[in-house]
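Raw contents of start.txt, compact mmCIF, C-alpha atoms:
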```txt
# COMPACT_ATOMS: atom_id res chain seq x y z
CA MET A 1 24.86 24.37 -3.52
CA ASN A 2 25.51 20.85 -4.78
CA VAL A 3 23.29 17.80 -4.39
CA ARG A 4 25.31 14.73 -3.51
CA ALA A 5 24.84 11.19 -2.27
CA VAL A 6 25.29 10.65 1.43
CA ARG A 7 28.56 9.19 2.66
CA TRP A 8 27.50 5.99 4.41
CA PRO A 9 27.86 5.04 7.22
CA GLU A 10 30.07 8.01 8.12
CA GLU A 11 27.19 10.49 7.96
CA GLN A 12 24.53 8.34 9.62
CA GLU A 13 24.49 10.42 12.79
CA ALA A 14 24.47 13.68 10.84
CA ILE A 15 21.40 12.54 8.88
CA LEU A 16 19.57 11.44 12.00
CA ASP A 17 20.41 14.77 13.66
CA HIS A 18 18.92 16.52 10.61
CA ILE A 19 15.77 14.38 10.98
CA ARG A 20 15.52 15.31 14.65
CA LEU A 21 15.78 19.03 13.88
CA THR A 22 13.25 18.98 11.03
CA TYR A 23 10.73 16.34 12.17
CA GLY A 24 11.07 16.27 15.96
CA ALA A 25 12.29 13.83 18.58
CA GLU A 26 9.44 11.31 18.20
CA GLU A 27 9.95 10.93 14.45
CA TYR A 28 13.70 10.73 15.03
CA GLU A 29 13.22 7.73 17.31
CA GLN A 30 11.18 5.91 14.67
CA VAL A 31 13.43 6.76 11.72
CA ALA A 32 16.52 5.68 13.64
CA THR A 33 15.14 2.13 13.79
CA TRP A 34 14.90 1.72 10.01
CA TYR A 35 17.14 4.17 8.17
CA GLY A 36 19.81 2.24 6.31
CA THR A 37 18.51 -1.20 7.30
CA GLN A 38 15.86 -1.83 4.61
CA PRO A 39 16.38 -4.52 1.97
CA GLY A 40 17.96 -2.97 -1.08
CA PHE A 41 19.23 0.07 0.82
CA ASP A 42 21.58 2.04 -1.40
CA PRO A 43 23.36 5.19 -0.16
CA ALA A 44 23.21 6.48 -3.76
CA ASN A 45 19.43 6.83 -3.22
CA CYS A 46 20.00 9.18 -0.25
CA LEU A 47 20.72 12.74 -1.33
CA VAL A 48 21.80 15.73 0.72
CA ILE A 49 22.81 19.38 0.38
CA ASP A 50 25.51 20.56 2.76
CA GLY A 51 24.94 23.44 5.16
CA ASP A 52 27.21 26.34 5.94
CA GLN A 53 28.57 24.75 9.12
CA GLU A 54 31.10 21.94 9.12
CA GLY A 55 29.32 18.57 8.96
CA GLU A 56 25.87 20.19 8.76
CA ILE A 57 23.23 18.74 6.43
CA ALA A 58 20.95 21.53 5.24
CA ALA A 59 18.57 19.39 3.16
CA HIS A 60 17.90 15.69 2.72
CA ALA A 61 15.68 13.24 0.82
CA THR A 62 15.78 9.55 0.07
CA LEU A 63 14.25 7.04 -2.34
CA LEU A 64 12.71 3.92 -0.79
CA PRO A 65 12.35 1.02 -3.26
CA ARG A 66 8.77 -0.26 -3.48
CA GLN A 67 6.90 -2.71 -5.71
CA ILE A 68 3.35 -1.78 -6.68
CA GLN A 69 1.20 -4.71 -7.73
CA ILE A 70 -1.59 -4.30 -10.29
CA GLY A 71 -3.25 -7.61 -11.01
CA GLU A 72 -0.33 -9.99 -11.55
CA SER A 73 2.00 -7.20 -12.72
CA ILE A 74 4.72 -5.74 -10.50
CA LEU A 75 5.81 -2.15 -11.17
CA PRO A 76 9.14 -0.96 -9.66
CA THR A 77 8.35 2.17 -7.68
CA ALA A 78 10.43 4.70 -5.78
CA GLU A 79 8.92 6.40 -2.75
CA ILE A 80 10.28 9.87 -2.02
CA SER A 81 10.72 9.98 1.74
CA LEU A 82 12.07 12.35 4.39
CA LEU A 83 12.29 15.37 2.08
CA SER A 84 13.28 18.12 4.48
CA VAL A 85 15.16 21.41 4.68
CA LEU A 86 16.50 23.04 7.86
CA GLU A 87 14.70 26.29 8.67
CA PRO A 88 17.66 28.65 7.99
CA TYR A 89 17.93 27.25 4.45
CA GLN A 90 14.27 27.29 3.49
CA GLY A 91 13.24 29.47 0.55
CA ARG A 92 16.43 28.79 -1.40
CA GLY A 93 14.95 26.18 -3.75
CA TYR A 94 16.64 23.22 -2.08
CA GLU A 95 13.52 21.04 -2.28
CA GLY A 96 13.34 21.52 -6.05
CA LEU A 97 17.02 20.66 -6.47
CA LEU A 98 16.56 17.47 -4.48
CA LEU A 99 13.44 16.46 -6.43
CA GLU A 100 15.19 17.04 -9.73
CA ALA A 101 18.10 14.85 -8.64
CA LEU A 102 15.76 12.17 -7.25
CA HIS A 103 13.90 11.93 -10.56
CA ARG A 104 17.18 11.59 -12.44
CA ARG A 105 17.99 8.75 -10.08
CA MET A 106 14.61 7.13 -10.85
CA SER A 107 15.46 7.22 -14.55
CA GLU A 108 18.87 5.65 -13.93
CA ARG A 109 17.33 2.82 -11.92
CA GLU A 110 14.35 2.39 -14.32
CA TYR A 111 11.63 2.98 -11.78
CA VAL A 112 8.19 2.97 -13.39
CA LEU A 113 6.39 5.05 -10.77
CA GLY A 114 7.24 7.69 -8.21
CA LEU A 115 5.33 7.72 -4.92
CA SER A 116 4.99 10.35 -2.24
CA PHE A 117 2.91 11.12 0.84
CA GLY A 118 4.16 14.69 0.93
CA ASP A 119 2.54 18.06 0.35
CA PRO A 120 0.32 17.87 -2.78
CA TRP A 121 1.11 21.50 -3.56
CA LEU A 122 4.85 20.74 -3.72
CA PHE A 123 4.52 17.59 -5.79
CA ASP A 124 1.81 18.79 -8.18
CA SER A 125 4.29 20.57 -10.46
CA TRP A 126 6.28 17.32 -10.76
CA GLY A 127 3.35 15.35 -12.17
CA TYR A 128 2.14 13.68 -8.96
CA ASP A 129 -1.54 13.23 -8.13
CA TYR A 130 -3.70 11.08 -5.87
CA ALA A 131 -3.90 7.59 -7.35
CA VAL A 132 -3.81 5.09 -4.49
CA GLY A 133 -5.57 4.89 -1.13
CA MET A 134 -4.21 4.41 2.36
CA TYR A 135 -5.87 3.71 5.68
CA LEU A 136 -4.53 6.59 7.76
CA THR A 137 -7.25 9.22 7.90
CA ASN A 138 -9.50 11.17 10.25
CA PHE A 139 -11.83 8.16 10.24
CA GLU A 140 -11.17 4.48 10.81
CA SER A 141 -13.25 1.34 10.54
CA GLU A 142 -13.78 -0.41 13.86
CA ILE A 143 -15.57 -3.21 15.67
CA SER A 144 -16.48 -3.41 19.33
CA THR A 145 -14.60 -5.98 21.35
CA GLU A 146 -17.97 -7.40 22.37
CA GLY A 147 -18.90 -7.88 18.70
CA ALA A 148 -15.61 -9.60 17.88
CA LEU A 149 -16.09 -12.00 20.78
CA ARG A 150 -19.30 -13.27 19.18
CA ALA A 151 -17.41 -14.50 16.11
CA GLY A 152 -17.55 -18.24 15.53
CA GLN A 153 -20.89 -18.59 17.26
CA TRP A 154 -23.91 -19.31 15.05
CA SER A 155 -27.33 -19.96 16.49
CA GLN A 156 -29.34 -22.18 14.14
CA GLU A 157 -32.48 -21.01 15.93
CA HIS A 158 -31.77 -17.37 15.06
CA SER A 159 -32.79 -16.69 11.46
CA TYR A 160 -30.35 -13.79 10.93
CA GLU A 161 -27.35 -15.75 12.18
CA ARG A 162 -28.41 -18.78 10.17
CA ARG A 163 -28.63 -16.71 6.99
CA MET A 164 -25.32 -14.98 7.64
CA ALA A 165 -23.51 -18.26 8.29
CA GLU A 166 -24.88 -19.62 5.04
CA ARG A 167 -23.95 -16.48 3.10
CA LEU A 168 -20.38 -16.52 4.42
CA GLY A 169 -20.01 -20.27 4.01
CA ALA A 170 -19.24 -20.89 7.68
CA ARG A 171 -19.53 -24.52 8.76
CA SER A 172 -18.18 -24.35 12.32
CA ARG A 173 -15.14 -26.42 11.43
CA GLU A 174 -12.45 -26.86 14.05
CA VAL A 175 -9.79 -24.16 13.73
CA THR A 176 -6.48 -23.69 15.54
CA VAL A 177 -5.36 -20.10 16.04
CA ARG A 178 -1.77 -19.58 17.11
CA ARG A 179 1.08 -17.11 16.78
CA PHE A 180 3.09 -16.86 13.58
CA TYR A 181 6.42 -18.67 13.23
CA SER A 182 9.06 -18.14 10.55
CA ASP A 183 8.24 -21.49 8.93
CA ASP A 184 4.76 -20.09 8.15
CA LEU A 185 6.15 -17.34 5.93
CA PRO A 186 5.79 -19.05 2.50
CA VAL A 187 2.07 -19.67 3.03
CA VAL A 188 1.53 -16.22 4.54
CA GLN A 189 3.29 -14.70 1.53
CA ALA A 190 0.98 -16.59 -0.81
CA LEU A 191 -2.13 -15.43 1.08
CA TYR A 192 -0.92 -11.83 0.98
CA ALA A 193 -0.11 -12.08 -2.74
CA GLN A 194 -3.64 -13.35 -3.37
CA GLU A 195 -5.10 -10.32 -1.59
CA SER A 196 -2.74 -8.03 -3.51
CA ALA A 197 -3.81 -9.48 -6.87
CA ARG A 198 -7.36 -8.53 -5.92
CA GLY A 199 -6.23 -4.97 -5.24
CA HIS A 200 -6.71 -5.15 -1.48
CA TYR A 201 -3.04 -4.38 -0.85
CA VAL A 202 -0.91 -2.43 -3.33
CA PHE A 203 2.67 -3.16 -2.25
CA ALA A 204 4.16 -6.49 -3.28
CA ARG A 205 6.63 -7.98 -0.79
CA ASP A 206 9.41 -10.47 -1.42
CA GLN A 207 10.75 -12.69 1.34
CA ASP A 208 13.50 -10.26 2.39
CA THR A 209 10.97 -7.45 2.74
CA TRP A 210 8.65 -9.63 4.81
CA VAL A 211 11.44 -10.66 7.18
CA TRP A 212 12.73 -7.09 7.53
CA GLN A 213 9.26 -5.69 8.15
CA ILE A 214 8.42 -8.21 10.87
CA GLU A 215 11.76 -7.62 12.60
CA HIS A 216 11.40 -3.84 12.25
CA LEU A 217 8.00 -3.78 13.98
CA LEU A 218 9.44 -5.78 16.84
CA ARG A 219 12.60 -3.68 17.01
CA SER A 220 10.71 -0.38 16.94
CA GLY A 221 8.27 -1.44 19.65
CA ARG A 222 5.27 -1.21 17.30
CA GLY A 223 4.62 -4.95 17.46
CA GLU A 224 4.89 -8.00 19.70
CA ALA A 225 5.50 -11.61 18.70
CA ASP A 226 1.95 -12.51 19.75
CA ASP A 227 0.50 -9.79 17.50
CA PHE A 228 0.91 -11.95 14.38
CA LEU A 229 -1.78 -14.67 14.33
CA VAL A 230 -2.39 -17.52 11.90
CA ALA A 231 -5.38 -19.88 11.64
CA GLU A 232 -5.07 -23.55 10.68
CA VAL A 233 -7.83 -25.78 9.35
CA ASP A 234 -7.06 -29.51 9.03
CA GLY A 235 -3.37 -28.73 9.55
CA ARG A 236 -3.32 -26.17 6.72
CA LEU A 237 -2.69 -22.48 7.30
CA ALA A 238 -5.77 -20.77 5.85
CA ALA A 239 -5.73 -17.16 7.09
CA TYR A 240 -3.70 -14.69 9.13
CA ALA A 241 -4.02 -11.34 10.85
CA ARG A 242 -1.45 -8.84 12.07
CA LEU A 243 -2.13 -6.53 15.01
CA VAL A 244 -0.79 -3.57 16.90
CA SER A 245 -2.08 -4.36 20.35
CA GLN A 246 -0.55 -1.66 22.50
CA GLY A 247 -0.89 1.82 21.11
CA PRO A 248 -2.63 3.83 18.38
CA VAL A 249 -1.41 3.69 14.79
CA ASN A 250 -3.71 6.29 13.22
CA THR A 251 -1.71 9.48 13.70
CA PHE A 252 -4.51 11.58 12.19
CA ARG A 253 -6.91 10.91 15.07
CA ASP A 254 -4.64 11.65 18.03
CA THR A 255 -6.40 10.66 21.26
CA GLN A 256 -9.51 9.35 19.46
CA ALA A 257 -7.66 6.61 17.60
CA ALA A 258 -8.14 2.99 18.59
CA ARG A 259 -5.20 1.70 20.63
CA PHE A 260 -5.73 -1.92 19.56
CA SER A 261 -5.90 -2.49 15.80
CA VAL A 262 -5.85 -5.08 13.05
CA ILE A 263 -3.34 -3.69 10.54
CA GLU A 264 -3.49 -6.52 7.99
CA ALA A 265 -5.44 -9.69 7.26
CA ALA A 266 -5.57 -12.20 4.43
CA GLY A 267 -7.26 -15.49 3.66
CA ASP A 268 -10.89 -16.18 2.92
CA HIS A 269 -11.62 -19.52 4.60
CA PRO A 270 -14.85 -18.65 6.48
CA ASP A 271 -14.21 -20.62 9.66
CA ALA A 272 -10.57 -19.56 9.81
CA VAL A 273 -11.53 -15.89 9.55
CA GLU A 274 -14.22 -16.32 12.21
CA ALA A 275 -11.74 -17.97 14.57
CA LEU A 276 -9.20 -15.20 14.01
CA LEU A 277 -11.78 -12.53 14.74
CA ALA A 278 -12.85 -14.28 17.95
CA GLN A 279 -9.25 -14.64 19.13
CA ILE A 280 -8.60 -10.98 18.38
CA GLY A 281 -11.65 -10.14 20.49
CA ARG A 282 -10.27 -12.17 23.38
CA MET A 283 -6.90 -10.43 23.08
CA ALA A 284 -8.56 -7.01 23.05
CA GLN A 285 -10.57 -8.00 26.12
CA SER A 286 -7.37 -8.98 27.94
CA PHE A 287 -5.98 -5.51 27.21
CA ASN A 288 -9.18 -3.98 28.56
CA VAL A 289 -10.05 -2.12 25.35
CA ASP A 290 -13.62 -1.82 24.15
CA ARG A 291 -13.05 -1.28 20.40
CA ILE A 292 -10.70 -2.58 17.73
CA GLY A 293 -9.44 -0.52 14.78
CA LEU A 294 -9.81 -2.27 11.43
CA PHE A 295 -7.28 -1.25 8.78
CA VAL A 296 -8.30 -3.91 6.27
CA HIS A 297 -9.87 -3.60 2.85
CA PRO A 298 -13.65 -3.00 2.72
CA GLN A 299 -14.08 -5.89 0.26
CA SER A 300 -11.86 -8.38 2.12
CA ALA A 301 -13.23 -11.53 3.70
CA PHE A 302 -12.08 -10.32 7.11
CA MET A 303 -14.11 -7.11 6.81
CA GLN A 304 -17.19 -9.00 5.60
CA HIS A 305 -17.08 -11.20 8.70
CA ALA A 306 -16.49 -8.18 10.94
CA LEU A 307 -19.50 -6.40 9.44
CA VAL A 308 -21.72 -9.35 10.30
CA ARG A 309 -20.57 -8.92 13.91
CA GLY A 310 -21.49 -5.23 13.96
CA ALA A 311 -18.36 -3.52 12.65
CA ARG A 312 -18.62 0.07 11.49
CA LEU A 313 -17.12 0.61 8.04
CA ARG A 314 -15.59 3.93 7.08
CA PHE A 315 -15.05 4.58 3.37
CA PHE A 316 -13.04 7.76 3.91
CA THR A 317 -9.36 7.11 3.28
CA GLY A 318 -6.23 9.13 2.82
CA ALA A 319 -4.34 8.91 -0.42
CA GLY A 320 -0.85 8.59 -1.80
CA LEU A 321 0.53 10.62 -4.70
CA LEU A 322 1.79 8.75 -7.76
CA ARG A 323 3.82 9.91 -10.75
CA LEU A 324 4.00 8.01 -14.03
CA HIS A 325 7.73 8.06 -14.56
CA ASN A 326 8.20 5.59 -17.42
CA LEU A 327 5.14 4.92 -19.58
CA ALA A 328 6.83 2.48 -21.95
CA LEU A 329 8.09 0.24 -19.16
CA ALA A 330 4.78 0.53 -17.33
CA LEU A 331 2.82 -0.76 -20.34
CA TYR A 332 5.36 -3.51 -20.97
CA LEU A 333 5.01 -4.77 -17.40
CA LEU A 334 1.23 -4.34 -17.40
CA GLU A 335 0.75 -6.21 -20.67
CA PRO A 336 0.16 -9.65 -19.03
CA THR A 337 -2.50 -8.14 -16.74
CA LEU A 338 -4.18 -6.27 -19.59
CA GLU A 339 -4.14 -9.43 -21.69
CA ALA A 340 -5.68 -11.49 -18.89
CA ARG A 341 -8.47 -8.94 -18.54
CA ARG A 342 -9.09 -9.00 -22.30
CA LEU A 343 -9.18 -12.80 -22.40
CA ASN A 344 -11.79 -12.82 -19.63
CA SER A 345 -14.12 -10.52 -21.55
CA ARG A 346 -16.21 -10.41 -24.68
CA PHE A 347 -13.19 -8.95 -26.50
CA ALA A 348 -11.19 -12.19 -26.22
CA SER A 349 -11.53 -13.11 -29.92
CA ARG A 350 -9.99 -9.91 -31.29
CA PRO A 351 -6.39 -8.59 -31.09
CA TYR A 352 -5.65 -4.97 -30.26
CA ARG A 353 -2.75 -2.56 -30.36
CA LEU A 354 -3.22 -0.15 -27.48
CA ILE A 355 -1.42 3.18 -27.98
CA ILE A 356 -1.30 5.56 -25.02
CA THR A 357 -0.08 9.12 -25.42
CA THR A 358 0.58 11.54 -22.57
CA GLU A 359 1.92 15.10 -22.61
CA GLN A 360 5.44 13.65 -22.36
CA GLU A 361 5.64 10.29 -24.15
CA GLN A 362 3.90 7.60 -26.15
CA ALA A 363 3.94 3.83 -25.71
CA GLU A 364 2.01 0.79 -26.86
CA ALA A 365 0.95 -2.69 -25.82
CA PHE A 366 -0.04 -5.59 -28.07
CA LEU A 367 -2.96 -7.72 -26.91
CA GLY A 368 -3.83 -10.95 -28.70
CA MET A 369 -2.43 -12.56 -31.86
CA GLY A 370 -2.98 -11.51 -35.45
CA GLU A 371 -3.51 -8.21 -37.24
CA PRO A 372 -4.49 -5.86 -34.40
CA GLU A 373 -7.10 -3.18 -34.30
CA ILE A 374 -5.58 0.11 -33.17
CA VAL A 375 -7.00 1.63 -29.99
CA GLU A 376 -5.71 5.07 -29.08
CA LEU A 377 -5.93 6.78 -25.71
CA GLU A 378 -4.61 10.28 -25.13
CA ALA A 379 -4.65 11.67 -21.60
CA PRO A 380 -2.46 13.50 -19.07
CA SER A 381 0.04 11.27 -17.30
CA THR A 382 -1.79 11.87 -14.00
CA SER A 383 -4.97 10.41 -15.51
CA VAL A 384 -3.12 7.47 -17.06
CA VAL A 385 -1.55 6.41 -13.77
CA ARG A 386 -4.98 6.63 -12.13
CA LEU A 387 -6.39 4.37 -14.83
CA MET A 388 -3.58 1.90 -14.22
CA THR A 389 -4.18 1.65 -10.47
CA GLY A 390 -7.97 1.64 -10.84
CA TRP A 391 -8.39 4.93 -8.97
CA TYR A 392 -10.00 6.19 -12.18
CA THR A 393 -12.02 4.52 -14.91
CA ILE A 394 -12.35 5.64 -18.49
CA ASP A 395 -15.61 7.30 -17.49
CA ASN A 396 -13.64 9.89 -15.52
CA LEU A 397 -12.19 11.16 -18.80
CA SER A 398 -14.33 13.45 -20.95
CA MET A 399 -12.20 12.99 -24.08
CA GLY A 400 -9.06 11.37 -25.47
CA TYR A 401 -10.47 8.14 -26.92
CA ALA A 402 -12.99 6.94 -29.48
CA GLU A 403 -16.35 6.14 -27.93
CA ARG A 404 -16.54 2.81 -29.79
CA TYR A 405 -13.60 1.58 -27.67
CA ALA A 406 -15.03 2.73 -24.34
CA ASP A 407 -16.22 -0.75 -23.30
CA LEU A 408 -12.85 -2.30 -24.14
CA LEU A 409 -11.03 0.37 -22.14
CA ARG A 410 -13.39 -0.24 -19.21
CA VAL A 411 -12.32 -3.91 -19.33
CA LEU A 412 -8.61 -3.09 -19.53
CA PHE A 413 -8.77 -0.45 -16.79
CA PRO A 414 -11.51 -1.51 -14.35
CA ARG A 415 -12.52 0.41 -11.27
CA ARG A 416 -10.64 -0.84 -8.22
CA ASP A 417 -10.12 0.34 -4.66
CA PRO A 418 -6.32 0.18 -4.36
CA LYS A 419 -4.99 0.51 -0.82
CA ILE A 420 -1.53 0.60 0.72
CA GLY A 421 -1.44 -1.72 3.73
CA LEU A 422 -0.81 -0.02 7.05
CA ALA A 423 1.90 -2.54 7.92
CA ASP A 424 4.01 -1.06 5.09
CA LEU A 425 3.88 2.41 6.64
CA LEU A 426 4.74 1.69 10.29
```

For the file at hand, write its structure as structure tokens.
Amino acid sequence: MNVRAVRWPEEQEAILDHIRLTYGAEEYEQVATWYGTQPGFDPANCLVIDGDQEGEIAAHATLLPRQIQIGESILPTAEISLLSVLEPYQGRGYEGLLLEALHRRMSEREYVLGLSFGDPWLFDSWGYDYAVGMYLTNFESEISTEGALRAGQWSQEHSYERRMAERLGARSREVTVRRFYSDDLPVVQALYAQESARGHYVFARDQDTWVWQIEHLLRSGRGEADDFLVAEVDGRLAAYARLVSQGPVNTFRDTQAARFSVIEAAGDHPDAVEALLAQIGRMAQSFNVDRIGLFVHPQSAFMQHALVRGARLRFFTGAGLLRLHNLALALYLLEPTLEARRLNSRFASRPYRLIITTEQEQAEAFLGMGEPEIVELEAPSTSVVRLMTGWYTIDNLSMGYAERYADLLRVLFPRRDPKIGLADLL
């Protein structure tokens, strides 16, 4: 049994037939719209094991290139996707062979992190653990259509509304809400990157990824052109929101899931966000739905405005599994973010040499100029990757560092609420 790279495009139909047999017809329809079309697609990242029959693929897995953003740092990441084995070949160790080959491929391509949404039991032995949130879960935040329709209206005679308008900074400025056009992409990218730097969205997207993703949602029937809204204030694009207006996206809730949802939002101009929310309410009303799913970050401006209008916030989220694949490269790429955090703290006047040791490797980062003070941190790789994403803080570790450096380590690895945007998973 040999693991090999897929022959592309000759074996495209054989792979899709394998997906149909292992995942079902519905998943097959979705996968067929994106497999082999993503930016950076490389057949060498798609591995298979041949079956006993001519042209049969017994097992398959692929690496999807991702970019995880932590602060201003971008970490090359490989998502393990579509790991599957046909039923007659299960129990032969094929999954392990594929995972071993995939991790060799990660080393060749210098990926910093591995990512999976697969079975935790399977991936645990490979050093994966929960380290980043996602919005697909048995619960979802939501707002009533009636509540969204009240956005943009502030009664100065009503003390609550007056206080809320003041707290949010709303000034009832004139706002134009319209559909997104391709010329808007540079500003939309900048708004998304700003949200990502705050930790509200984990995946960084370059222009090619943005264009592919928008086209994919349209091609797959998960989105319509009018489902991408932007808001302009004084001729300047100040906020945007992306929707799925015709069908549920939360596969964990089945029939209880909202069938009209906001899957992404960015921008914090108060009046622009209010206008977007009101327009979304009007759209939901036209589709005759009474509630709107909100798959946006709890700390985002959009969610804060929705809460004022009666939204219900759910803090329960699913999670993605991360593996620290290359500690040295991870620290090298994170160094600018760690340095920025140090410079914005009471430790700005002192240089440090941060040495991190896991069960597999050791690496270091130099922060500041001059003779550094050595700060050592020893922890399992699963804990280190959680510190990096902000899933953990140093307080989740009972040992592995000197107590006198605890405050510095809290500055370097602050608590965050990292989330993968739903638009990246559709």

In terms of the shortest atom-to-atom distance over only C-alpha atoms, which of A:Ala272, A:Leu168, A:Leu409, A:Ala204 is closest to A:Leu75?
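Selected residue with least distance to A:Leu75: A:Ala204.
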
Box time for stretch 230-242 of chain A: axis-aligned, enclosing all its listed atoms, 6 Å extra on each side; report centre and edge lengths in Å to one decimal, as AutoDock Vina command-line options.
```
--center_x -4.6 --center_y -19.2 --center_z 9.0 --size_x 18.4 --size_y 32.7 --size_z 18.2
```

In Å, rounded to a single decimal, give me how far atom CA of A:Gly400 is from atom CA of A:Ala379.
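It comes out at 5.9 Å.
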
Nearest candidate to A:Glu335 (options A:Leu322, A:Ile70, A:Leu243, A:Ile143; using only C-alpha atoms)
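Nearest to A:Glu335: A:Ile70.
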
Can you tell me, as a PyMOL selection string, what residues are no more than 12 Å from A:Tyr28 when counting only C-alpha atoms, ignoring any on the same chain fewer than 2 positions away?
chain A and resi 13-26+30-35+82+220

Identify, on the basis of only C-alpha atoms, every residue whose closest approach to A:His305 does not exceed 8 Å; exclude the query and any residue fewer than 2 positions from it along the same chain; express the result as a list in words.
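Counting only the stated atoms, we get Leu168, Val273, Glu274, Ala301, Phe302, Met303, Leu307, Val308 and Arg309 of chain A.
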
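The interatomic distance for the pair atom CA of A:Arg104 and atom CA of A:Arg7 works out to 19.1 Å.
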
Rounded to one decimal in Å, what is the spacing between atom CA of A:Asp129 and atom CA of A:Thr382?
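Calculated distance between atom CA of A:Asp129 and atom CA of A:Thr382 is 6.0 Å.
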
Point out the residue among A:Ser155, A:Ser345, A:Thr145, A:Ser172 with the least atom-to-atom distance to A:Asn288, counting only C-alpha atoms.
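Smallest distance to A:Asn288 is found for A:Thr145.
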
Extract, using all atoms listed in the file, all DNA, RNA and protein residues at most 10 Å from A:Gln156, discarding same-chain residues fewer than 6 positions from it, and format them as a VMD selection string.
chain A and resid 162 to 163 165

With a distance cut-off of 8 Å and all atoms listed in the file, select the neighbouring residues of A:Gly281, excluding the residue or stretch itself and same-chain residues fewer than 6 positions from it, and output the selection as a ChimeraX atom specification.
/A:145-149

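Comparing A:Ser196, A:Ser84, A:Gln67, A:Ser107 by their smallest distance to A:His297, the closest is A:Ser196 (using all atoms listed in the file).
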
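Here the residues that fall within 10 Å of (-0.9, -4.0, -23.2), using all atoms listed in the file, are given as Ala330, Leu331, Tyr332, Leu333, Leu334, Glu335, Pro336, Thr337, Leu338, Glu339, Ala340, Arg342, Tyr352, Arg353, Leu354, Ile355, Ile356, Ala363, Glu364, Ala365, Phe366, Leu367, Gly368 and Leu412 of chain A.
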
File of the preceding selection, C-alpha atoms, as a CSV table (one decimal), keeping the file's coordinate frame:
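The new file again26.csv reads:
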```csv
chain,number,residue,atom,x,y,z
A,330,ALA,CA,4.8,0.5,-17.3
A,331,LEU,CA,2.8,-0.8,-20.3
A,332,TYR,CA,5.4,-3.5,-21.0
A,333,LEU,CA,5.0,-4.8,-17.4
A,334,LEU,CA,1.2,-4.3,-17.4
A,335,GLU,CA,0.8,-6.2,-20.7
A,336,PRO,CA,0.2,-9.6,-19.0
A,337,THR,CA,-2.5,-8.1,-16.7
A,338,LEU,CA,-4.2,-6.3,-19.6
A,339,GLU,CA,-4.1,-9.4,-21.7
A,340,ALA,CA,-5.7,-11.5,-18.9
A,342,ARG,CA,-9.1,-9.0,-22.3
A,352,TYR,CA,-5.6,-5.0,-30.3
A,353,ARG,CA,-2.8,-2.6,-30.4
A,354,LEU,CA,-3.2,-0.2,-27.5
A,355,ILE,CA,-1.4,3.2,-28.0
A,356,ILE,CA,-1.3,5.6,-25.0
A,363,ALA,CA,3.9,3.8,-25.7
A,364,GLU,CA,2.0,0.8,-26.9
A,365,ALA,CA,1.0,-2.7,-25.8
A,366,PHE,CA,0.0,-5.6,-28.1
A,367,LEU,CA,-3.0,-7.7,-26.9
A,368,GLY,CA,-3.8,-11.0,-28.7
A,412,LEU,CA,-8.6,-3.1,-19.5
```

So which residues fall inside 8 Å of (19.3, 17.3, -5.3) if we count all atoms listed in the file? Mind giving them as a list in words?
Asn2, Val3, Arg4, Leu47, Val48, Ile49, Tyr94, Glu95, Gly96, Leu97, Leu98, Leu99, Glu100, Ala101 and Leu102 of chain A
